[in-house]
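To start, the structure under review is shown below, and the notes come after it.
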2 protein chains.
Amino acid sequence: MADRISNETELIQTYLAPLTRGLPGAFGLRDDAALIVPDVDSDLVVTCDPIIASVHFLPSDRPSCIAWKALAVNVSDLAAKGAVPRAYILALAFPDAPERAWMADFARGLEMAQSRFGCVLAGGDTDRTPGPLSISVTAFGSVPKGRFVPRHGAKPGDHVFVTGTIGDSALGLMLHTNRADFVGALSQDDRDFLVGRYLRPEPRVALVATLRACASAALDISDGLVKDLRRLTGEYGLRVPFDALPLSSPARRAVADSPSLAATVVSGGDDYEILCSVPPERVADFLSGAATAGVALTRLGILQSPGETNVVGDDGSAIEPPTAGFDHFNRRGGSAVA
Amino acid sequence: MADRISNETELIQTYLAPLTRGLPGAFGLRDDAALIVPDVDSDLVVTCDPIIASVHFLPSDRPSCIAWKALAVNVSDLAAKGAVPRAYILALAFPDAPERAWMADFARGLEMAQSRFGCVLAGGDTDRTPGPLSISVTAFGSVPKGRFVPRHGAKPGDHVFVTGTIGDSALGLMLHTNRADFVGALSQDDRDFLVGRYLRPEPRVALVATLRACASAALDISDGLVKDLRRLTGEYGLRVPFDALPLSSPARRAVADSPSLAATVVSGGDDYEILCSVPPERVADFLSGAATAGVALTRLGILQSPGETNVVGDDGSAIEPPTAGFDHFNRRGGSAVA
């Protein structure tokens, strides 16, 4: 018989309340609302990106990984806006009363993520649901007044950059769900790396100050590189050779083995890297800021005239899946990971 | 064949983006995050109370009522903290692509609720889910610095008040789900009133300024009068005769017909009235402030020595259901309305 948590007070006070340490406005999760005291001369950036079992993660994933991901995907949105993560609200809906061991590991994952990203639990809600486990985070970040980095704002002449490497997470998901026919081309370390990128994304919080100082526009890549690149470039065209994309060595080996994976790399989503545009006069500062922050950058091109934005193969044709990127809404629940 | 919304952009831009009018920081729902510019000399109050189909509402309920309720239950939390509602984030998870007519009525309900409560849509997220329709609102309110009304803070000598009437919603739910054996005692108007109180709760936003000026502690009644009254009174005892509770005429007729409904009235939950404690020297101001705001008040008693808090019947024994109030967490999904 599993050792399950039988009441909401135990769930909240034993596992969640310790995560509010350092934030008096959370009232130890004993009030009905949280109090956020805004930083002086700052605006508040808010984002909400829930994750649902069998849609955004596997119910069998390690609870600490699920917790990390729930927070990371939201922190990634904040980082792309130039906001420093501060606090978050957590709404949990459980199909069954959780086991104590599950909940302890889940709380451990939140604690690790909080400590890594620099934010604290401020409040939340727990419910039972006839549906799958659902974890809804609303995250708050702080940005100096007027310095929010918008999604729309790229101009002709701006240089377009992407952080880190692309496609690891989509390939990792295929491995994680045993749908990868490229397994033979990879070592165990390669496979662990790719699955790790899916399970434990690392939002680019280190780049926040540099983005604010230099970027004209930015967003994080959650719906696939091509789709999010088009959001950034807007009416301006950018033609990016696939060879120019930053791929990790494991991803490069997978694509060399199965060239059709190029489409997965550019459209698979869940990268949680940052795409941004930087005016030419700020490029030098941007590069040195990113180097200081230890964030790898790749320049994808320079925006010029209106036109289409594509990633192209050796033959010059656009690499694109039928649906032009990942759409959480069009997809039937469950198809992402099942 | 139902006329369904086939993509997320249409859903967001046609139905939801118009609800952001007046809030530049919502960026017309075209960015990844919202920008909240705090009022000068104010703190931000945040609350999150999701509602799930077959748990908190019936899937067959009118979409505009579902939308109203999703916002109202959160605004009720803000009001109890003395906060003026400002903005909210909306995360929707749909089991199927919604029909256009459904979504239009849902958006209409949000618009009516926004206009009534004085808040605006700031951002959100839409997903598909293998589970039931889930509507997660995170609501933001504004409170002058240091004037948040806490849940814990009632002191001996404080007078305890409740707004409006108690139990209507729990009785309305029984009628709404055809589980009421007291139907015969009520007119159609009575039934409509009670069901209306369940479907369209009216958070006590009008009382916000008076609460801030006068209350030592407050919370809204969502989990049943007895349970929430115990949260307010803490270690201090309060013994409230059932006869002293504010009941609407329809509720009074239902209880007269079926005396066992007294337990439903004090524990059924979903009242969304405010319970508060007021120090004796501020009682006169509190009463006149509430009268000016048009909010009916009932004094439940005066806190004295440590002890138990109960609602008691004519024979002096406590009226209480086995579970001592409604617990969203202990309850199996579905049992609230099915």
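Order determines the names: the first chain of the structure tokens is A, the second B, and so forth; residues in each chain are numbered 1 upward, and ligands are numbered 1 upward as they are shown.
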
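Within range 10-105 of chain A, the backbone-based DSSP assignment of alpha helix (DSSP H) covers Glu10, Pro63, Ser64, Cys65, Ile66, Ala67, Trp68, Lys69, Ala70, Leu71, Ala72, Val73, Asn74, Val75, Ser76, Asp77, Leu78, Ala79, Ala80, Arg100, Ala101, Trp102, Met103, Ala104 and Asp105 of chain A.
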
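With only C-alpha atoms taken into account, the protein and nucleic acid residues at most 12 Å from Thr20 in chain A (excluding it and anything under 6 positions from it in its own chain) are Ile12, Gln13, Thr14, Ala26, Phe27, Gly28, Leu29, Arg30, Ala34, Arg86, Ala87, Tyr88, Ile89, Leu90, Ala107, Leu110, Glu111, Gln114, Ser115, Cys119, Val120, Leu121, Ala122, Gly123 and Gly124 of chain A.
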
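Residue nearest Ser64 in chain B, chosen from B:Ala17, B:Val311, B:Val240, B:Leu199 and counting only C-alpha atoms: B:Leu199.
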
Per residue of chain B within 6 Å of chain A, which atom pair is closest and at what distance in Å (one decimal), using only C-alpha atoms, listed by chain and increasing number, as a tab-separated table?
residue	atom	partner	partner_atom	distance
B:Asn7	CA	A:Asn330	CA	5.9
B:Glu8	CA	A:Phe329	CA	5.6
B:Asp31	CA	A:Arg151	CA	5.5
B:Ala33	CA	A:Thr47	CA	4.7
B:Ala34	CA	A:Val46	CA	5.1
B:Leu35	CA	A:Val45	CA	4.7
B:Ile36	CA	A:Leu44	CA	5.0
B:Val37	CA	A:Asp43	CA	5.0
B:Asp43	CA	A:Val37	CA	5.0
B:Leu44	CA	A:Ile36	CA	5.0
B:Val45	CA	A:Leu35	CA	4.7
B:Val46	CA	A:Ala34	CA	5.1
B:Thr47	CA	A:Ala33	CA	4.7
B:Cys48	CA	A:Gly124	CA	5.8
B:Gly124	CA	A:Cys48	CA	5.8
B:Asp127	CA	A:Phe329	CA	5.0
B:Arg128	CA	A:Gly333	CA	5.2
B:Thr129	CA	A:Gly333	CA	4.6
B:Pro130	CA	A:Gly333	CA	4.8
B:Gly131	CA	A:Gly131	CA	3.9
B:Pro132	CA	A:Gly131	CA	5.8
B:Arg151	CA	A:Asp31	CA	5.6
B:His328	CA	A:Asp127	CA	5.5
B:Phe329	CA	A:Asp127	CA	5.1
B:Asn330	CA	A:Asn7	CA	5.9
B:Gly333	CA	A:Thr129	CA	4.6

Using N, CA and C atoms, can you export the residues from the last selection as a compact mmCIF listing (two decimals), in the first residue's frame?
# COMPACT_ATOMS: atom_id res chain seq x y z
N ASN B 7 -7.36 26.74 -34.72
CA ASN B 7 -5.99 27.08 -34.33
C ASN B 7 -5.91 28.10 -33.22
N GLU B 8 -4.77 28.04 -32.55
CA GLU B 8 -4.56 28.81 -31.33
C GLU B 8 -4.58 30.32 -31.61
N ASP B 31 2.82 38.84 -27.11
CA ASP B 31 4.17 38.63 -26.58
C ASP B 31 4.15 37.37 -25.69
N ALA B 33 4.99 37.29 -22.46
CA ALA B 33 4.77 37.61 -21.06
C ALA B 33 4.03 38.94 -21.01
N ALA B 34 3.47 39.24 -19.86
CA ALA B 34 2.77 40.50 -19.67
C ALA B 34 3.61 41.41 -18.79
N LEU B 35 3.40 42.70 -18.96
CA LEU B 35 4.13 43.69 -18.18
C LEU B 35 3.13 44.38 -17.25
N ILE B 36 3.38 44.26 -15.95
CA ILE B 36 2.49 44.90 -14.97
C ILE B 36 3.24 46.07 -14.36
N VAL B 37 2.70 47.25 -14.53
CA VAL B 37 3.32 48.44 -13.95
C VAL B 37 2.61 48.70 -12.63
N ASP B 43 1.35 47.78 -3.09
CA ASP B 43 1.84 46.42 -3.23
C ASP B 43 0.88 45.65 -4.11
N LEU B 44 1.37 44.50 -4.58
CA LEU B 44 0.56 43.69 -5.48
C LEU B 44 0.09 42.46 -4.71
N VAL B 45 -1.18 42.17 -4.80
CA VAL B 45 -1.74 40.97 -4.18
C VAL B 45 -2.05 39.97 -5.29
N VAL B 46 -1.61 38.74 -5.11
CA VAL B 46 -1.75 37.72 -6.16
C VAL B 46 -2.46 36.51 -5.60
N THR B 47 -3.40 35.97 -6.37
CA THR B 47 -4.07 34.75 -5.95
C THR B 47 -4.34 33.87 -7.16
N CYS B 48 -4.45 32.57 -6.93
CA CYS B 48 -4.65 31.63 -8.03
C CYS B 48 -5.59 30.53 -7.57
N GLY B 124 -1.76 34.92 -20.84
CA GLY B 124 -2.23 33.57 -20.55
C GLY B 124 -1.65 32.52 -21.44
N ASP B 127 -3.95 25.36 -24.06
CA ASP B 127 -3.43 24.02 -24.29
C ASP B 127 -4.57 23.08 -24.60
N ARG B 128 -4.20 21.93 -25.16
CA ARG B 128 -5.14 20.81 -25.22
C ARG B 128 -4.77 19.83 -24.13
N THR B 129 -5.77 19.16 -23.59
CA THR B 129 -5.53 18.22 -22.50
C THR B 129 -6.33 16.94 -22.71
N PRO B 130 -5.78 15.79 -22.31
CA PRO B 130 -6.59 14.57 -22.30
C PRO B 130 -7.60 14.56 -21.15
N GLY B 131 -7.55 15.55 -20.27
CA GLY B 131 -8.46 15.63 -19.13
C GLY B 131 -9.61 16.58 -19.38
N PRO B 132 -10.30 16.97 -18.31
CA PRO B 132 -11.46 17.87 -18.44
C PRO B 132 -11.04 19.31 -18.68
N ARG B 151 -5.20 37.02 6.87
CA ARG B 151 -6.17 36.05 7.36
C ARG B 151 -6.05 35.91 8.88
N HIS B 328 -11.17 20.53 -1.11
CA HIS B 328 -11.00 20.23 -2.53
C HIS B 328 -10.02 19.11 -2.74
N PHE B 329 -9.14 18.92 -1.78
CA PHE B 329 -8.08 17.96 -1.97
C PHE B 329 -8.50 16.54 -1.58
N ASN B 330 -9.21 16.41 -0.45
CA ASN B 330 -9.63 15.08 -0.03
C ASN B 330 -10.68 14.51 -0.97
N GLY B 333 -12.02 13.80 -7.46
CA GLY B 333 -12.46 14.64 -8.57
C GLY B 333 -13.86 14.22 -8.99

* range 74-314 of chain A: which residues are strand (DSSP E) by DSSP, as a count of residues only? -> 59

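Taking CA of Gly184 in chain A and CA of Ile166 in chain A as the two end points, the separation is 20.9 Å.
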
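Neighbours of Leu245 in chain A closer than or equal to 10 Å, with only C-alpha atoms counted and sequence neighbours fewer than 6 positions away skipped, come out as Val162, Gly164, Thr165, Ile166, Gly167, Leu225, Val265, Val266, Thr298, Arg299, Leu300 and Val311 of chain A.
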
* So which residues touch Ala113 in chain B within 7 Å, counting only C-alpha atoms, skipping near sequence neighbours fewer than 3 positions away, as a list of chain:residue names? -> B:Trp68, B:Leu71, B:Gly109, B:Leu110, B:Arg116, B:Phe117

* Asked: Leaving out Pro279 in chain A and any residue of its chain fewer than 3 positions from it, which residues lie within 12 Å of it when counting only C-alpha atoms, given as an MDAnalysis selection string?
  -> chainID A and resid 153:161 211 213:217 276 282:286 302:303

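One finds CA of Phe193 in chain A at 19.1 Å from CA of Gly294 in chain A.
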